[in-house]
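Below you'll find the structure, written out as structure tokens, and then a few comments.
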Amino acid sequence: MSKLVYTLVGEGFAEYQFIPAYIDWVAAKQAQELQVVRTRIQIAITKNPSVSKVLSDAQSLCAQSFADSKTPCHLFIAGIDLDKTDFTDDLEKHGKRIQELKAAMGKVFKQYEDKIILYVPIQAIDCWIAYVQQKATPNSLEGHGKDDTKLKVYGQKKPDRQRIEKVAREAAQKADFAQLAKQSRSFNHFHQQITTFLATYINNAHS
């Protein structure tokens with residue numbers, strides 16, 4: 001059985017529930033025999049999620065992931081929220097945020113570029129979860145304010161960690177990720193990167 005080992009770095013609590021469930025789903029869809037394992041390398045999040053923490057630590061966490069010879073890592077995933085809307089045709093704001101994260105990772109990004117995937121949810125990952133929970137037209141939910149989105153998704157504007165993780169986990173368990181890729185352009189950007197990487201990885205594993 002082939003194994004895919006990856007590290008996930010995110011700015012909040014929901015990411016560590018929602019994204020691993022997606023990775024498991026998409027990996028199983030592309031190759032049933034692929035065993036997916038997430039490393040324990042991540043930002044130590046205790047109280048407040050932080051974009052700045054991802055920007056400051058992603059470089060070292062990435063280097064750490066690929067430097068561990070005992071547990072070889074095949075993929076490093078990192079992301080930060082856009083924290084605003086982006087209705088531009090070519091996702092200009094989204095692209096600039098991606099570049100911000102790339103720049104923060106510096107030489108490490110260039111060194112491992114083919115093994116790194118970056119994601120930037122428009123507004124926040126809460127919007128991805130909102131699409132799973134609601135029947136909504138494509139790219140419509142990102143227009144709502146962050147507080148309103150949190151209220152609809154979590155039932156409160158300032159949910160605690162336990163509430164966020166529970167809701168994100170339950171949403172991921174029932175998610176139609178293929179449909180989500182049609183609803184959210186920022187999720188689709190992430191999805192296309194993952195599927196392309198997996199196709200290459202699986203092909204190389206079998207060659």
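Following the order of the structure tokens, first chain is A, next is B, and so on, with residues numbered from 1 inside each chain and ligands from 1 in the order they appear.
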Which residues of range 70-139 of chain A come within 9 Å of range 153-159 of chain A, and for each one, what is the closest pair of atoms and their distance in Å to one decimal, counting only C-alpha atoms, sorted by chain and residue number, as a Markdown table?
```
| residue | atom | partner | partner_atom | distance |
| --- | --- | --- | --- | --- |
| A:Asp126 | CA | A:Val153 | CA | 6.9 |
| A:Cys127 | CA | A:Val153 | CA | 8.4 |
| A:Ile129 | CA | A:Val153 | CA | 7.1 |
| A:Ala130 | CA | A:Val153 | CA | 5.8 |
| A:Gln133 | CA | A:Val153 | CA | 7.6 |
```
Residues of range 14-92 of chain A within 8 Å of range 101-116 of chain A: nearest atom pair and distance (Å, one decimal) for each, counting only C-alpha atoms, sorted by chain and number, as JSON lines?
```
{"residue": "A:Leu55", "atom": "CA", "partner": "A:Ala104", "partner_atom": "CA", "distance": 5.7}
{"residue": "A:Ser56", "atom": "CA", "partner": "A:Ala104", "partner_atom": "CA", "distance": 6.9}
{"residue": "A:Ala58", "atom": "CA", "partner": "A:Met105", "partner_atom": "CA", "distance": 6.1}
{"residue": "A:Gln59", "atom": "CA", "partner": "A:Met105", "partner_atom": "CA", "distance": 4.3}
{"residue": "A:Cys62", "atom": "CA", "partner": "A:Val108", "partner_atom": "CA", "distance": 7.3}
{"residue": "A:Ala63", "atom": "CA", "partner": "A:Val108", "partner_atom": "CA", "distance": 6.5}
{"residue": "A:His74", "atom": "CA", "partner": "A:Lys115", "partner_atom": "CA", "distance": 6.5}
{"residue": "A:Leu75", "atom": "CA", "partner": "A:Lys115", "partner_atom": "CA", "distance": 4.9}
{"residue": "A:Phe76", "atom": "CA", "partner": "A:Ile116", "partner_atom": "CA", "distance": 4.8}
{"residue": "A:Ile77", "atom": "CA", "partner": "A:Ile116", "partner_atom": "CA", "distance": 5.9}
{"residue": "A:Ala78", "atom": "CA", "partner": "A:Ile116", "partner_atom": "CA", "distance": 7.9}
{"residue": "A:Gly79", "atom": "CA", "partner": "A:Leu101", "partner_atom": "CA", "distance": 7.8}
{"residue": "A:Ile80", "atom": "CA", "partner": "A:Leu101", "partner_atom": "CA", "distance": 7.9}
```
Dump of N, CA, C and O atoms for the selected residues, as a PDB file, in the first residue's frame:
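part_22.pdb was written with the following content:
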```pdb
ATOM      1  N   LEU A  55       2.219  33.114   8.943  1.00  0.00           N
ATOM      2  CA  LEU A  55       3.213  33.804   8.121  1.00  0.00           C
ATOM      3  C   LEU A  55       4.609  33.719   8.733  1.00  0.00           C
ATOM      4  O   LEU A  55       5.612  33.634   8.017  1.00  0.00           O
ATOM      5  N   SER A  56       4.695  33.737  10.041  1.00  0.00           N
ATOM      6  CA  SER A  56       6.009  33.709  10.696  1.00  0.00           C
ATOM      7  C   SER A  56       6.576  32.300  10.834  1.00  0.00           C
ATOM      8  O   SER A  56       7.796  32.114  10.850  1.00  0.00           O
ATOM      9  N   ALA A  58       5.416  29.294   8.981  1.00  0.00           N
ATOM     10  CA  ALA A  58       5.252  28.343   7.872  1.00  0.00           C
ATOM     11  C   ALA A  58       6.592  27.890   7.303  1.00  0.00           C
ATOM     12  O   ALA A  58       6.776  26.716   6.969  1.00  0.00           O
ATOM     13  N   GLN A  59       7.528  28.819   7.182  1.00  0.00           N
ATOM     14  CA  GLN A  59       8.826  28.487   6.612  1.00  0.00           C
ATOM     15  C   GLN A  59       9.544  27.414   7.440  1.00  0.00           C
ATOM     16  O   GLN A  59      10.013  26.406   6.899  1.00  0.00           O
ATOM     17  N   CYS A  62       7.686  24.023   7.435  1.00  0.00           N
ATOM     18  CA  CYS A  62       7.863  23.339   6.159  1.00  0.00           C
ATOM     19  C   CYS A  62       9.226  22.658   6.118  1.00  0.00           C
ATOM     20  O   CYS A  62       9.345  21.481   5.758  1.00  0.00           O
ATOM     21  N   ALA A  63      10.263  23.386   6.483  1.00  0.00           N
ATOM     22  CA  ALA A  63      11.614  22.829   6.509  1.00  0.00           C
ATOM     23  C   ALA A  63      11.690  21.644   7.461  1.00  0.00           C
ATOM     24  O   ALA A  63      12.306  20.613   7.155  1.00  0.00           O
ATOM     25  N   HIS A  74       5.692  13.984   2.296  1.00  0.00           N
ATOM     26  CA  HIS A  74       5.551  14.099   0.850  1.00  0.00           C
ATOM     27  C   HIS A  74       4.880  15.404   0.426  1.00  0.00           C
ATOM     28  O   HIS A  74       5.023  15.828  -0.716  1.00  0.00           O
ATOM     29  N   LEU A  75       4.141  16.027   1.355  1.00  0.00           N
ATOM     30  CA  LEU A  75       3.351  17.197   0.984  1.00  0.00           C
ATOM     31  C   LEU A  75       3.212  18.142   2.179  1.00  0.00           C
ATOM     32  O   LEU A  75       2.955  17.700   3.301  1.00  0.00           O
ATOM     33  N   PHE A  76       3.365  19.434   1.921  1.00  0.00           N
ATOM     34  CA  PHE A  76       3.171  20.464   2.946  1.00  0.00           C
ATOM     35  C   PHE A  76       2.038  21.368   2.492  1.00  0.00           C
ATOM     36  O   PHE A  76       2.073  21.928   1.394  1.00  0.00           O
ATOM     37  N   ILE A  77       1.013  21.499   3.321  1.00  0.00           N
ATOM     38  CA  ILE A  77      -0.161  22.310   3.016  1.00  0.00           C
ATOM     39  C   ILE A  77      -0.249  23.440   4.037  1.00  0.00           C
ATOM     40  O   ILE A  77      -0.205  23.200   5.241  1.00  0.00           O
ATOM     41  N   ALA A  78      -0.384  24.663   3.570  1.00  0.00           N
ATOM     42  CA  ALA A  78      -0.507  25.799   4.484  1.00  0.00           C
ATOM     43  C   ALA A  78      -1.504  26.800   3.917  1.00  0.00           C
ATOM     44  O   ALA A  78      -1.637  26.945   2.702  1.00  0.00           O
ATOM     45  N   GLY A  79      -2.195  27.493   4.823  1.00  0.00           N
ATOM     46  CA  GLY A  79      -3.166  28.465   4.341  1.00  0.00           C
ATOM     47  C   GLY A  79      -3.494  29.543   5.358  1.00  0.00           C
ATOM     48  O   GLY A  79      -3.277  29.370   6.566  1.00  0.00           O
ATOM     49  N   ILE A  80      -3.984  30.645   4.837  1.00  0.00           N
ATOM     50  CA  ILE A  80      -4.489  31.751   5.652  1.00  0.00           C
ATOM     51  C   ILE A  80      -5.761  32.265   5.000  1.00  0.00           C
ATOM     52  O   ILE A  80      -5.960  32.131   3.785  1.00  0.00           O
TER      53      ILE A  80
END
```
Item to check | Within 10 Å of Asp176 in chain A using only C-alpha atoms, minus same-chain residues under 3 positions, as a PyMOL selection string | outcome: chain A and resi 22+25+131-132+171-173+179-181
Would you save the residues from that selection as a compact mmCIF listing (two decimals), in the first residue's frame, using C-alpha atoms?
```
# COMPACT_ATOMS: atom_id res chain seq x y z
CA TYR A 22 -11.29 16.48 2.57
CA TRP A 25 -11.95 11.88 0.67
CA TYR A 131 -21.65 26.10 1.64
CA VAL A 132 -21.74 22.57 3.00
CA ALA A 171 -19.79 19.51 8.27
CA ALA A 172 -16.81 17.67 6.81
CA GLN A 173 -18.40 14.29 7.51
CA GLN A 179 -20.15 20.26 -5.12
CA LEU A 180 -18.20 22.61 -2.86
CA ALA A 181 -15.60 22.99 -5.60
```
Checklist entry - So which one's closest to Gly10 in chain A, A:Leu91, A:Val37, A:Ala124, A:Ile23? Using only C-alpha atoms, please. => result A:Ala124
Checklist outcome for this item: Separating CA of Gly145 in chain A from CA of Ala14 in chain A, to the nearest tenth of an Å, is a gap of 17.9 Å
Checklist entry - If you count only C-alpha atoms, which residues fall within 12 Å of Glu33 in chain A, apart from same-chain ones fewer than 4 positions away, as a ChimeraX atom specification? => result /A:1-4,24,27-29,202,205-206
Next on the checklist: Can you tell me, as a ChimeraX atom specification, which residues in range 3-125 of chain A count as alpha helix (DSSP H) by DSSP?
Outcome noted: /A:15-30,51-67,92-111,125
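Of the residues under consideration (A:Gln30, A:Gln99, A:Gln64, A:Thr149), A:Gln30 shows the shortest atom-to-atom contact distance to Tyr201 in chain A when counting only C-alpha atoms.
Using only C-alpha atoms, the nearest neighbour of Phe190 in chain A within the list A:Val54, A:Ile125, A:Leu151, A:Ala31 is A:Ile125.
Using only C-alpha atoms, the shortest contact distance between Val36 in chain A and any of A:Ala168, A:Val9, A:Cys73, A:Leu118 is found at A:Cys73.
Using only C-alpha atoms, the shortest contact distance between Gly12 in chain A and any of A:Arg38, A:Ala136, A:Asp86, A:Asp160 is found at A:Asp160.
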Checklist entry - Hey, what's within 8 Å of Ile41 in chain A if we count only C-alpha atoms and toss same-chain stuff fewer than 5 positions away? As an MDAnalysis selection string, please? => result chainID A and resid 7:9 61 65
Please save N, CA, C and O atoms of the selected residues as a compact mmCIF listing (two decimals), in the first residue's frame.
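This went into result_5.txt:
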```
# COMPACT_ATOMS: atom_id res chain seq x y z
N THR A 7 1.85 17.43 6.02
CA THR A 7 1.74 18.37 7.14
C THR A 7 0.70 19.41 6.78
O THR A 7 0.66 19.89 5.64
N LEU A 8 -0.13 19.78 7.74
CA LEU A 8 -1.13 20.82 7.53
C LEU A 8 -0.90 21.96 8.51
O LEU A 8 -0.77 21.75 9.71
N VAL A 9 -0.84 23.18 7.98
CA VAL A 9 -0.69 24.37 8.80
C VAL A 9 -1.83 25.33 8.48
O VAL A 9 -2.04 25.69 7.32
N LEU A 61 8.27 25.39 9.74
CA LEU A 61 7.48 24.17 9.83
C LEU A 61 7.60 23.34 8.55
O LEU A 61 7.61 22.11 8.59
N SER A 65 9.25 19.66 8.28
CA SER A 65 8.49 18.54 7.72
C SER A 65 9.35 17.71 6.77
O SER A 65 9.32 16.47 6.81
```
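Nearest-residue note for Ser186 in chain A: choosing from A:Lys84, A:Lys53, A:Lys152, A:His94, the minimum distance belongs to A:His94, counting only C-alpha atoms.
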If we count only C-alpha atoms, what is near Glu142 in chain A at a cut-off of 7 Å, once residues fewer than 2 positions away on the same chain are taken out, given as a JSON list (two decimals) with C-alpha atoms, in the first residue's frame?
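Written output follows (out_7.json):
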```
[["chain", "number", "residue", "atom", "x", "y", "z"],
["A", 85, "THR", "CA", -14.37, 39.35, -0.44],
["A", 122, "ILE", "CA", -12.14, 33.89, 0.40],
["A", 123, "GLN", "CA", -13.32, 35.61, 3.60],
["A", 127, "CYS", "CA", -17.56, 30.16, 4.17],
["A", 139, "ASN", "CA", -19.78, 32.37, -4.88],
["A", 140, "SER", "CA", -22.68, 33.97, -3.02],
["A", 144, "HIS", "CA", -21.73, 38.17, 3.94]]
```
